[in-house]
Each structure stands twice: as structure tokens, then as C-alpha cells.
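Pasting final-v6.txt here (compact mmCIF, C-alpha atoms):
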# COMPACT_ATOMS: atom_id res chain seq x y z
CA ASP A 1417 139.82 53.44 158.31
CA ALA A 1418 143.05 51.83 157.25
CA ASN A 1419 142.30 52.78 153.61
CA ASP A 1420 141.31 56.38 154.45
CA GLY A 1421 137.62 55.68 153.87
CA ILE A 1422 138.11 54.06 150.40
CA GLY A 1423 136.29 50.78 149.85
CA VAL A 1424 137.54 47.72 148.01
CA ASP A 1425 135.83 48.95 144.81
CA GLY A 1426 137.88 52.13 144.85
CA LYS A 1427 134.92 54.39 145.76
CA PRO A 1428 134.48 56.33 148.99
CA TYR A 1429 132.97 54.14 151.69
CA GLN A 1430 129.40 54.94 152.64
CA ALA A 1431 127.62 53.46 155.57
CA PRO A 1432 124.53 51.44 154.64
CA LEU A 1433 121.35 53.54 154.45
CA SER A 1434 118.07 52.64 155.98
CA LYS A 1435 114.94 52.28 153.83
CA ALA A 1436 113.66 55.66 154.97
CA GLU A 1437 116.95 57.34 154.12
CA LYS A 1438 117.01 55.70 150.64
CA LYS A 1439 113.46 56.93 149.86
CA LYS A 1440 114.35 60.43 151.00
CA LEU A 1441 117.48 60.47 148.79
CA GLU A 1442 115.51 59.26 145.74
CA LYS A 1443 112.87 61.98 146.27
CA GLU A 1444 115.58 64.63 146.45
CA LYS A 1445 117.14 63.40 143.18
CA LYS A 1446 113.76 63.39 141.38
CA ALA A 1447 112.95 66.89 142.62
CA ALA A 1448 116.33 68.19 141.41
CA ALA A 1449 115.85 66.57 137.97
CA GLN A 1450 112.34 68.06 137.58
CA GLN A 1451 113.61 71.49 138.55
CA GLN A 1452 116.40 71.27 135.97
CA GLN A 1453 113.97 70.24 133.18
CA GLN A 1454 111.61 73.08 134.07
CA GLN A 1455 114.47 75.57 133.92
CA GLN A 1456 115.51 74.32 130.45
CA GLY A 1457 111.92 74.59 129.23
CA ASN A 1458 111.69 78.21 130.37
CA ASP A 1459 114.90 79.07 128.50
CA GLN A 1460 113.60 77.56 125.23
CA ALA A 1461 110.04 78.86 125.47
CA PRO A 1462 109.19 81.52 122.82
CA LYS A 1463 108.67 85.09 123.88
CA PRO A 1464 105.02 86.16 124.25
CA GLU A 1465 105.26 88.71 121.43
CA ASN A 1466 106.76 86.17 118.99
CA ALA A 1467 104.13 83.61 119.90
CA ALA A 1468 101.38 86.19 119.28
CA LYS A 1469 102.82 87.04 115.83
CA LYS A 1470 102.99 83.37 114.86
CA ALA A 1471 99.44 82.82 116.03
CA ALA A 1472 98.23 85.81 114.01
CA LYS A 1473 99.98 84.60 110.86
CA LYS A 1474 98.56 81.11 111.32
CA GLU A 1475 95.08 82.51 111.73
CA ALA A 1476 95.48 84.71 108.63
CA LYS A 1477 96.52 81.68 106.56
CA LYS A 1478 93.47 79.76 107.77
CA GLU A 1479 91.17 82.63 106.78
CA ALA A 1480 92.82 82.90 103.35
CA LYS A 1481 92.32 79.17 102.73
CA LYS A 1482 88.68 79.41 103.75
CA ALA A 1483 88.15 82.35 101.40
CA ALA A 1484 89.81 80.50 98.53
CA LYS A 1485 87.59 77.45 99.05
CA ALA A 1486 84.50 79.65 99.13
CA GLY A 1487 85.46 81.24 95.82
CA ALA A 1488 86.20 84.69 97.28
CA PRO A 1489 89.23 86.65 96.07
CA MET A 1490 92.37 86.41 98.14
CA PRO A 1491 92.95 89.43 100.42
CA VAL A 1492 95.34 91.98 98.98
CA GLN A 1493 97.89 93.61 101.22
CA LYS A 1494 97.62 97.35 101.33
CA PRO A 1495 100.68 99.31 100.15
CA PRO A 1496 102.64 101.33 102.69
CA ALA A 1497 101.30 104.76 103.54
CA ALA A 1498 104.26 106.43 101.84
CA ALA A 1499 103.53 104.70 98.53
CA ALA A 1500 99.82 105.48 98.75
CA SER A 1501 100.49 109.17 99.20
CA ALA A 1502 103.08 109.44 96.41
CA PRO A 1503 102.88 112.75 94.51
CA GLN A 1504 101.68 112.99 90.95
CA LEU A 1505 104.29 112.50 88.23
CA GLN A 1506 104.22 116.07 86.98
CA HIS A 1507 104.81 117.55 90.43
CA SER A 1508 107.65 115.13 91.15
CA VAL A 1509 109.41 115.97 87.87
CA LEU A 1510 109.06 119.74 87.67
CA PRO A 1511 110.67 122.03 90.26
CA PRO A 1512 108.28 124.38 92.09
CA GLY A 1513 107.15 127.17 89.80
CA PHE A 1514 108.74 125.59 86.71
CA GLN A 1515 106.65 126.18 83.60
CA VAL A 1516 106.88 124.32 80.28
CA ALA A 1517 105.26 125.76 77.19
CA SER A 1518 103.40 123.73 74.61
CA LEU A 1519 105.80 121.78 72.36
CA GLN A 1520 108.74 122.84 74.51
CA LEU A 1521 111.12 119.93 74.97
CA VAL A 1522 113.34 120.43 78.02
CA MET A 1523 116.36 118.17 78.55
CA ASN A 1524 118.99 117.95 81.25
CA PRO A 1525 122.39 118.40 79.56
CA ASN A 1526 124.06 116.28 82.24
CA THR A 1527 122.07 113.09 81.54
CA LYS A 1528 123.51 110.21 79.54
CA ILE A 1529 122.72 109.98 75.85
CA GLU A 1530 120.63 106.83 76.38
CA ASP A 1531 118.48 108.73 78.90
CA ARG A 1532 117.56 111.43 76.40
CA PRO A 1533 114.46 111.30 74.17
CA MET A 1534 116.28 110.09 71.07
CA VAL A 1535 113.28 108.26 69.59
CA ALA A 1536 111.03 111.30 70.02
CA LEU A 1537 113.61 113.62 68.47
CA THR A 1538 114.24 111.23 65.57
CA TRP A 1539 110.53 110.97 64.90
CA ALA A 1540 110.13 114.74 65.08
CA ILE A 1541 112.77 115.10 62.37
CA GLN A 1542 111.24 112.27 60.31
CA THR A 1543 107.83 113.98 60.32
CA ASN A 1544 109.15 117.56 59.98
CA GLN A 1545 107.91 118.46 63.45
CA ASP A 1546 111.33 119.48 64.67
CA VAL A 1547 110.61 123.03 63.47
CA ASP A 1548 107.64 123.15 65.85
CA LEU A 1549 109.64 122.07 68.89
CA GLU A 1550 111.40 124.48 71.20
CA LEU A 1551 114.47 122.67 72.50
CA THR A 1552 115.87 123.95 75.78
CA SER A 1553 118.20 122.57 78.43
CA ASP A 1554 117.85 122.85 82.18
CA HIS A 1555 120.00 121.03 84.73
CA ARG A 1556 117.24 121.23 87.37
CA LEU A 1557 115.16 118.53 85.67
CA PRO A 1558 116.03 114.91 86.48
CA GLN A 1559 114.63 113.77 83.11
CA SER A 1560 113.34 115.21 79.87
CA VAL A 1561 109.80 116.58 79.58
CA LEU A 1562 107.62 117.73 76.69
CA GLY A 1563 104.93 120.35 77.19
CA VAL A 1564 101.53 119.84 75.57
CA GLU A 1565 98.55 122.04 74.77
CA ASP A 1566 96.61 121.59 78.03
CA GLY A 1567 99.55 122.78 80.15
CA SER A 1568 100.67 119.35 81.37
CA VAL A 1569 103.91 117.61 80.48
CA ILE A 1570 104.82 114.23 79.01
CA VAL A 1571 107.67 112.22 80.52
CA GLY A 1572 109.38 109.33 78.78
CA ASP A 1573 110.92 108.96 75.34
CA PHE A 1574 108.30 106.60 73.90
CA SER A 1575 105.44 108.61 75.40
CA MET A 1576 106.73 111.75 73.68
CA ALA A 1577 107.20 109.85 70.43
CA ARG A 1578 103.64 108.47 70.58
CA TYR A 1579 102.30 111.98 71.09
CA LEU A 1580 104.26 113.31 68.12
CA SER A 1581 103.15 110.33 66.04
CA GLN A 1582 99.48 111.08 66.72
CA ARG A 1583 100.08 114.74 66.01
CA SER A 1584 101.71 114.05 62.64
CA VAL A 1585 99.70 114.59 59.46
CA ARG A 1586 102.29 113.01 57.19
CA HIS A 1587 102.43 109.54 58.70
CA THR A 1588 98.88 108.39 59.24
CA LEU A 1589 98.11 104.78 60.19
CA SER A 1590 94.95 102.73 60.21
CA LEU A 1591 93.62 101.40 63.51
CA SER A 1592 95.12 97.96 62.86
CA GLN A 1593 98.48 99.47 61.90
CA GLN A 1594 98.41 101.65 65.03
CA ALA A 1595 97.84 98.54 67.14
CA VAL A 1596 100.76 96.75 65.48
CA GLN A 1597 102.96 99.80 66.04
CA ASP A 1598 102.03 99.90 69.72
CA GLN A 1599 102.97 96.22 70.02
CA TRP A 1600 106.43 96.93 68.61
CA LEU A 1601 106.87 99.92 70.93
CA ASP A 1602 106.03 97.77 73.94
CA TYR A 1603 108.50 95.16 72.70
CA ALA A 1604 111.25 97.76 72.21
CA SER A 1605 110.62 99.16 75.68
CA ALA A 1606 110.88 95.69 77.22
CA VAL A 1607 114.08 94.57 75.46
CA SER A 1608 115.81 97.90 76.16
CA LYS A 1609 115.92 96.88 79.83
CA LEU A 1610 117.98 93.78 79.04
CA PRO A 1611 121.80 93.71 78.80
CA LYS A 1612 122.88 95.27 75.50
CA GLU A 1613 124.26 92.15 73.84
CA GLN A 1614 121.28 90.05 74.87
CA ALA A 1615 118.89 92.75 73.62
CA LYS A 1616 120.65 93.00 70.25
CA LYS A 1617 120.53 89.25 69.63
CA GLY A 1618 116.87 89.08 70.57
CA ILE A 1619 115.92 92.04 68.37
CA CYS A 1620 117.83 90.73 65.36
CA MET A 1621 116.16 87.32 65.60
CA THR A 1622 112.73 88.89 66.03
CA ILE A 1623 113.14 91.31 63.13
CA GLU A 1624 114.43 88.56 60.87
CA GLN A 1625 111.30 86.49 61.51
CA ALA A 1626 108.96 89.49 61.21
CA LEU A 1627 110.34 90.88 57.96
CA GLY A 1628 111.45 87.71 56.21
CA PHE A 1629 112.56 88.36 52.62
CA SER A 1630 109.55 90.34 51.43
CA LYS A 1631 109.09 93.21 53.90
CA THR A 1632 111.19 96.32 54.46
CA TYR A 1633 109.35 98.02 57.34
CA LEU A 1634 107.61 96.57 60.38
CA VAL A 1635 104.19 98.26 60.14
CA ASP A 1636 103.63 100.01 56.84
CA ASP A 1637 105.26 98.49 53.76
CA SER A 1638 105.47 101.89 52.10
CA GLN A 1639 107.11 104.01 54.80
CA VAL A 1640 109.09 104.10 58.01
CA SER A 1641 107.01 104.00 61.18
CA LEU A 1642 107.70 104.82 64.79
CA ALA A 1643 108.12 101.09 65.40
CA ASP A 1644 111.13 100.98 63.06
CA VAL A 1645 112.72 103.95 64.82
CA ALA A 1646 112.11 102.46 68.28
CA LEU A 1647 113.81 99.17 67.42
CA PHE A 1648 116.63 100.99 65.67
CA SER A 1649 117.15 102.92 68.89
CA ALA A 1650 117.06 99.72 70.95
CA LEU A 1651 119.89 98.42 68.76
CA GLY A 1652 121.93 101.49 69.65
CA PHE A 1653 121.40 103.44 66.39
CA PRO A 1654 123.97 101.45 64.36
CA SER A 1655 125.10 103.89 61.67
CA GLN A 1656 128.60 102.73 60.72
CA ALA A 1657 129.67 99.71 58.69
CA GLY A 1658 131.57 98.39 61.70
CA ASP A 1659 128.39 98.39 63.78
CA LEU A 1660 127.01 95.57 61.65
CA LEU A 1661 129.73 93.27 62.95
CA HIS A 1662 128.23 93.51 66.45
CA LEU A 1663 124.67 92.69 65.36

What is this file in C-alpha cells?
Amino acid sequence: DANDGIGVDGKPYQAPLSKAEKKKLEKEKKAAAQQQQQQQGNDQAPKPENAAKKAAKKEAKKEAKKAAKAGAPMPVQKPPAAAASAPQLQHSVLPPGFQVASLQLVMNPNTKIEDRPMVALTWAIQTNQDVDLELTSDHRLPQSVLGVEDGSVIVGDFSMARYLSQRSVRHTLSLSQQAVQDQWLDYASAVSKLPKEQAKKGICMTIEQALGFSKTYLVDDSQVSLADVALFSALGFPSQAGDLLHL
């Protein structure tokens, strides 16, 4: 009492507890600790919906592993409904009611020069088919189209050029030469998607190895082919002496 209830150890003085009181106090402390741990576990427990998703993914992985061990093909995810119901190319390109006549080449005058069918036009001139084409412009079309005999249209520069190449009577190729030409067209289409400088370096190295010192053209030693025009286009149609400095 003289020290206001403070013991010699500096802590508040407590009267000695009986054995029964000590057991009761220990039980209360244990119960409080268990309740606190249970509360923390509830806060960290995953939501039912997340747990169900994880369980479904885990089960799907197990099934895929079983199928792979059994030699069955892995399951393929179905595309979204929107992609599955995508319209046909012709309907997505042409406005409603838009008609394109056979050998009518329609271009949008607002598109960039690299988005126009330069290879097809060059090949049409090379094979004297430019007189057969009807060139028109229409700003309603997002990209150029070429009408063919059955009433459908061809989209894409190389696709148009291939059609004109098969239609040509001046530049005929054997089956093996046609296959080689198709390989070069696929190559030109692939490198045209690269950055310009990277594409130019790659094309120059490839052409140098393909032609060597004895060949002039890529497919037919006696004449220009569509493959030569396609790679010339991929290089940016270099036509000036200064263009050679950038190759």
C-alpha cells in the first residue's frame, strides 16, 4: 500500500492465486489464442469460387497428362464464338451491294503506297495484261480487290499477282519452276513484315547466295519471273543510283 500497489520488481502487485484460479486463467488464455488463430485462418482462406476454379484447372491438367501418356492427342481449346462466326472474306471486304467486274482492280486512293497491289500491277505490265485490267478507285474499300471470272474477288497483292501469273501466256513455267517461284513469294511475304532495314539486309544476303556469279534471275535463267518482282518490291523498288547505297 505504501508503494501504491507496485511490487519490488516494479510490476503491479497481484495477490497469490489459488490452483483453481491459475487453471481457470490458463484455460481462458488458451481459448483466446485459439479464437485468434481461427479468425486469422478465415481471413486467409480462399474464396469458394476461386477454390473451385483452381480445382477444375488441376483436374484438367491431370486429364491432359493421362491422355498424353495414353497416346491420345492433347485437347484443343475451342476458339471464341465471335471468331467461329467470322464472316467470309469477300463479305467483310466489299460494302453491301458492291459489285466488281471480272479483271476490275479497285483500289482505295487513301491507302499508303505500300498497301497497294504494286507487285500485281508490275506483273500486269510485265506480261502486257495491264490493257485487260480496269483500274478504278473507291474510298469505301479498306483494301484493294481484283474481280475474277466467277464473280468473286481476290484480296492481297501476292494473291492477285499469282492469279495474273497463271493467266499469262507469255511467261509460262514448268511445275518445278512454279514451285520455286512460290517459295520465293512466301519468302518475300515473310520478310516484308520485318523492319525495313532488317528486311533489306536479309534479302540482299539471300539473293547473293541464290544467284552467285552465274545467275541473273531467281527462277528462270532466261526471263524475269514473279519471284524477282516480289523481292524487288520487298526491297522498296530501288530505282535510283542513290538507293544502292542503302542496300

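Considering the residues A:Val1561, A:Val1635, A:Met1576, A:Val1607 and counting all atoms listed in the file, Val1535 (chain A) has its shortest atom-to-atom contact with A:Met1576.
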
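Counting from CA of His1555 (chain A), the distance to CA of Asp1531 (chain A) is 13.7 Å.
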
Next item on the list: Identify, on the basis of all atoms listed in the file, every residue whose closest approach to Ala1540 (chain A) does not exceed 10 Å; exclude the query and any residue fewer than 2 positions from it along the same chain; express the result as number ranges by chain.
Entry: A: 1534-1538, 1542-1549, 1576-1577, 1580-1581, 1584

Next item on the list: Considering all atoms listed in the file, state which residue in the set A:Gln1625, A:Gln1450, A:Gln1599, A:Ser1568 is at the smallest distance from Leu1519 (chain A).
Entry: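 Residue with the minimum atom-to-atom distance to Leu1519 (chain A): A:Ser1568.
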
What lies within 12 Å of region 1650-1656 of chain A using all atoms listed in the file, ignoring chain neighbours under 6 positions off, as a JSON list (two decimals) with C-alpha atoms, in the coordinates of the input?
[["chain", "number", "residue", "atom", "x", "y", "z"],
["A", 1529, "ILE", "CA", 122.72, 109.98, 75.85],
["A", 1530, "GLU", "CA", 120.63, 106.83, 76.38],
["A", 1534, "MET", "CA", 116.28, 110.09, 71.07],
["A", 1535, "VAL", "CA", 113.28, 108.26, 69.59],
["A", 1538, "THR", "CA", 114.24, 111.23, 65.57],
["A", 1573, "ASP", "CA", 110.92, 108.96, 75.34],
["A", 1574, "PHE", "CA", 108.30, 106.60, 73.90],
["A", 1600, "TRP", "CA", 106.43, 96.93, 68.61],
["A", 1601, "LEU", "CA", 106.87, 99.92, 70.93],
["A", 1602, "ASP", "CA", 106.03, 97.77, 73.94],
["A", 1603, "TYR", "CA", 108.50, 95.16, 72.70],
["A", 1604, "ALA", "CA", 111.25, 97.76, 72.21],
["A", 1605, "SER", "CA", 110.62, 99.16, 75.68],
["A", 1606, "ALA", "CA", 110.88, 95.69, 77.22],
["A", 1607, "VAL", "CA", 114.08, 94.57, 75.46],
["A", 1608, "SER", "CA", 115.81, 97.90, 76.16],
["A", 1609, "LYS", "CA", 115.92, 96.88, 79.83],
["A", 1610, "LEU", "CA", 117.98, 93.78, 79.04],
["A", 1611, "PRO", "CA", 121.80, 93.71, 78.80],
["A", 1612, "LYS", "CA", 122.88, 95.27, 75.50],
["A", 1613, "GLU", "CA", 124.26, 92.15, 73.84],
["A", 1614, "GLN", "CA", 121.28, 90.05, 74.87],
["A", 1615, "ALA", "CA", 118.89, 92.75, 73.62],
["A", 1616, "LYS", "CA", 120.65, 93.00, 70.25],
["A", 1617, "LYS", "CA", 120.53, 89.25, 69.63],
["A", 1618, "GLY", "CA", 116.87, 89.08, 70.57],
["A", 1619, "ILE", "CA", 115.92, 92.04, 68.37],
["A", 1620, "CYS", "CA", 117.83, 90.73, 65.36],
["A", 1623, "ILE", "CA", 113.14, 91.31, 63.13],
["A", 1643, "ALA", "CA", 108.12, 101.09, 65.40],
["A", 1644, "ASP", "CA", 111.13, 100.98, 63.06],
["A", 1662, "HIS", "CA", 128.23, 93.51, 66.45],
["A", 1663, "LEU", "CA", 124.67, 92.69, 65.36]]

Next item on the list: Tell me which of A:Ser1630, A:Tyr1579, A:Thr1622, A:Ser1518 sits closest to Asp1566 (chain A), counting only C-alpha atoms.
Entry: A:Ser1518

Because the input lacks atoms here, generate N, CA, C and O atoms for region 1619-1645 of chain A and report them as a tab-separated table (two decimals), in the frame of the given file.
chain	number	residue	atom	x	y	z
A	1619	ILE	N	116.55	91.18	69.37
A	1619	ILE	CA	115.92	92.04	68.37
A	1619	ILE	C	116.21	91.55	66.96
A	1619	ILE	O	115.32	91.51	66.10
A	1620	CYS	N	117.46	91.19	66.71
A	1620	CYS	CA	117.83	90.73	65.36
A	1620	CYS	C	117.05	89.48	64.97
A	1620	CYS	O	116.57	89.36	63.84
A	1621	MET	N	116.91	88.54	65.89
A	1621	MET	CA	116.16	87.32	65.60
A	1621	MET	C	114.69	87.63	65.36
A	1621	MET	O	114.05	87.08	64.45
A	1622	THR	N	114.15	88.55	66.17
A	1622	THR	CA	112.73	88.89	66.03
A	1622	THR	C	112.46	89.61	64.72
A	1622	THR	O	111.48	89.31	64.01
A	1623	ILE	N	113.32	90.57	64.38
A	1623	ILE	CA	113.14	91.31	63.13
A	1623	ILE	C	113.27	90.39	61.92
A	1623	ILE	O	112.52	90.50	60.94
A	1624	GLU	N	114.23	89.47	61.98
A	1624	GLU	CA	114.43	88.56	60.87
A	1624	GLU	C	113.17	87.72	60.61
A	1624	GLU	O	112.78	87.50	59.45
A	1625	GLN	N	112.53	87.27	61.67
A	1625	GLN	CA	111.30	86.49	61.51
A	1625	GLN	C	110.14	87.37	61.05
A	1625	GLN	O	109.30	86.92	60.27
A	1626	ALA	N	110.08	88.62	61.54
A	1626	ALA	CA	108.96	89.49	61.21
A	1626	ALA	C	109.02	89.99	59.77
A	1626	ALA	O	107.99	90.07	59.09
A	1627	LEU	N	110.21	90.32	59.30
A	1627	LEU	CA	110.34	90.88	57.96
A	1627	LEU	C	110.49	89.80	56.89
A	1627	LEU	O	109.97	89.95	55.77
A	1628	GLY	N	111.21	88.75	57.21
A	1628	GLY	CA	111.45	87.71	56.21
A	1628	GLY	C	112.24	88.27	55.04
A	1628	GLY	O	113.17	89.06	55.21
A	1629	PHE	N	111.87	87.88	53.82
A	1629	PHE	CA	112.56	88.36	52.62
A	1629	PHE	C	111.68	89.28	51.77
A	1629	PHE	O	112.10	89.75	50.72
A	1630	SER	N	110.48	89.57	52.26
A	1630	SER	CA	109.55	90.34	51.43
A	1630	SER	C	109.24	91.73	51.99
A	1630	SER	O	108.79	92.60	51.25
A	1631	LYS	N	109.47	91.94	53.28
A	1631	LYS	CA	109.09	93.21	53.90
A	1631	LYS	C	110.32	94.06	54.19
A	1631	LYS	O	111.42	93.54	54.45
A	1632	THR	N	110.11	95.39	54.15
A	1632	THR	CA	111.19	96.32	54.46
A	1632	THR	C	110.96	97.01	55.81
A	1632	THR	O	111.91	97.25	56.56
A	1633	TYR	N	109.70	97.33	56.10
A	1633	TYR	CA	109.35	98.02	57.34
A	1633	TYR	C	108.42	97.15	58.18
A	1633	TYR	O	107.74	96.25	57.66
A	1634	LEU	N	108.34	97.43	59.46
A	1634	LEU	CA	107.61	96.57	60.38
A	1634	LEU	C	106.10	96.75	60.32
A	1634	LEU	O	105.35	95.79	60.48
A	1635	VAL	N	105.62	97.97	60.08
A	1635	VAL	CA	104.19	98.26	60.14
A	1635	VAL	C	103.61	98.54	58.77
A	1635	VAL	O	102.70	97.85	58.30
A	1636	ASP	N	104.13	99.58	58.14
A	1636	ASP	CA	103.63	100.01	56.84
A	1636	ASP	C	104.68	99.68	55.77
A	1636	ASP	O	105.82	100.12	55.86
A	1637	ASP	N	104.30	98.90	54.78
A	1637	ASP	CA	105.26	98.49	53.76
A	1637	ASP	C	105.77	99.65	52.92
A	1637	ASP	O	106.81	99.52	52.25
A	1638	SER	N	105.10	100.78	52.97
A	1638	SER	CA	105.47	101.89	52.10
A	1638	SER	C	106.29	102.97	52.78
A	1638	SER	O	106.86	103.83	52.11
A	1639	GLN	N	106.40	102.93	54.12
A	1639	GLN	CA	107.11	104.01	54.80
A	1639	GLN	C	107.60	103.57	56.18
A	1639	GLN	O	107.10	102.60	56.75
A	1640	VAL	N	108.56	104.34	56.67
A	1640	VAL	CA	109.09	104.10	58.01
A	1640	VAL	C	108.04	104.48	59.04
A	1640	VAL	O	107.34	105.49	58.89
A	1641	SER	N	107.94	103.69	60.09
A	1641	SER	CA	107.01	104.00	61.18
A	1641	SER	C	107.80	104.20	62.47
A	1641	SER	O	109.01	103.97	62.54
A	1642	LEU	N	107.08	104.63	63.48
A	1642	LEU	CA	107.70	104.82	64.79
A	1642	LEU	C	108.24	103.51	65.34
A	1642	LEU	O	109.23	103.50	66.08
A	1643	ALA	N	107.63	102.39	64.95
A	1643	ALA	CA	108.12	101.09	65.40
A	1643	ALA	C	109.53	100.83	64.89
A	1643	ALA	O	110.39	100.31	65.62
A	1644	ASP	N	109.79	101.18	63.62
A	1644	ASP	CA	111.13	100.98	63.06
A	1644	ASP	C	112.16	101.82	63.80
A	1644	ASP	O	113.27	101.35	64.11
A	1645	VAL	N	111.80	103.06	64.11
A	1645	VAL	CA	112.72	103.95	64.82
A	1645	VAL	C	112.99	103.43	66.23
A	1645	VAL	O	114.13	103.47	66.72
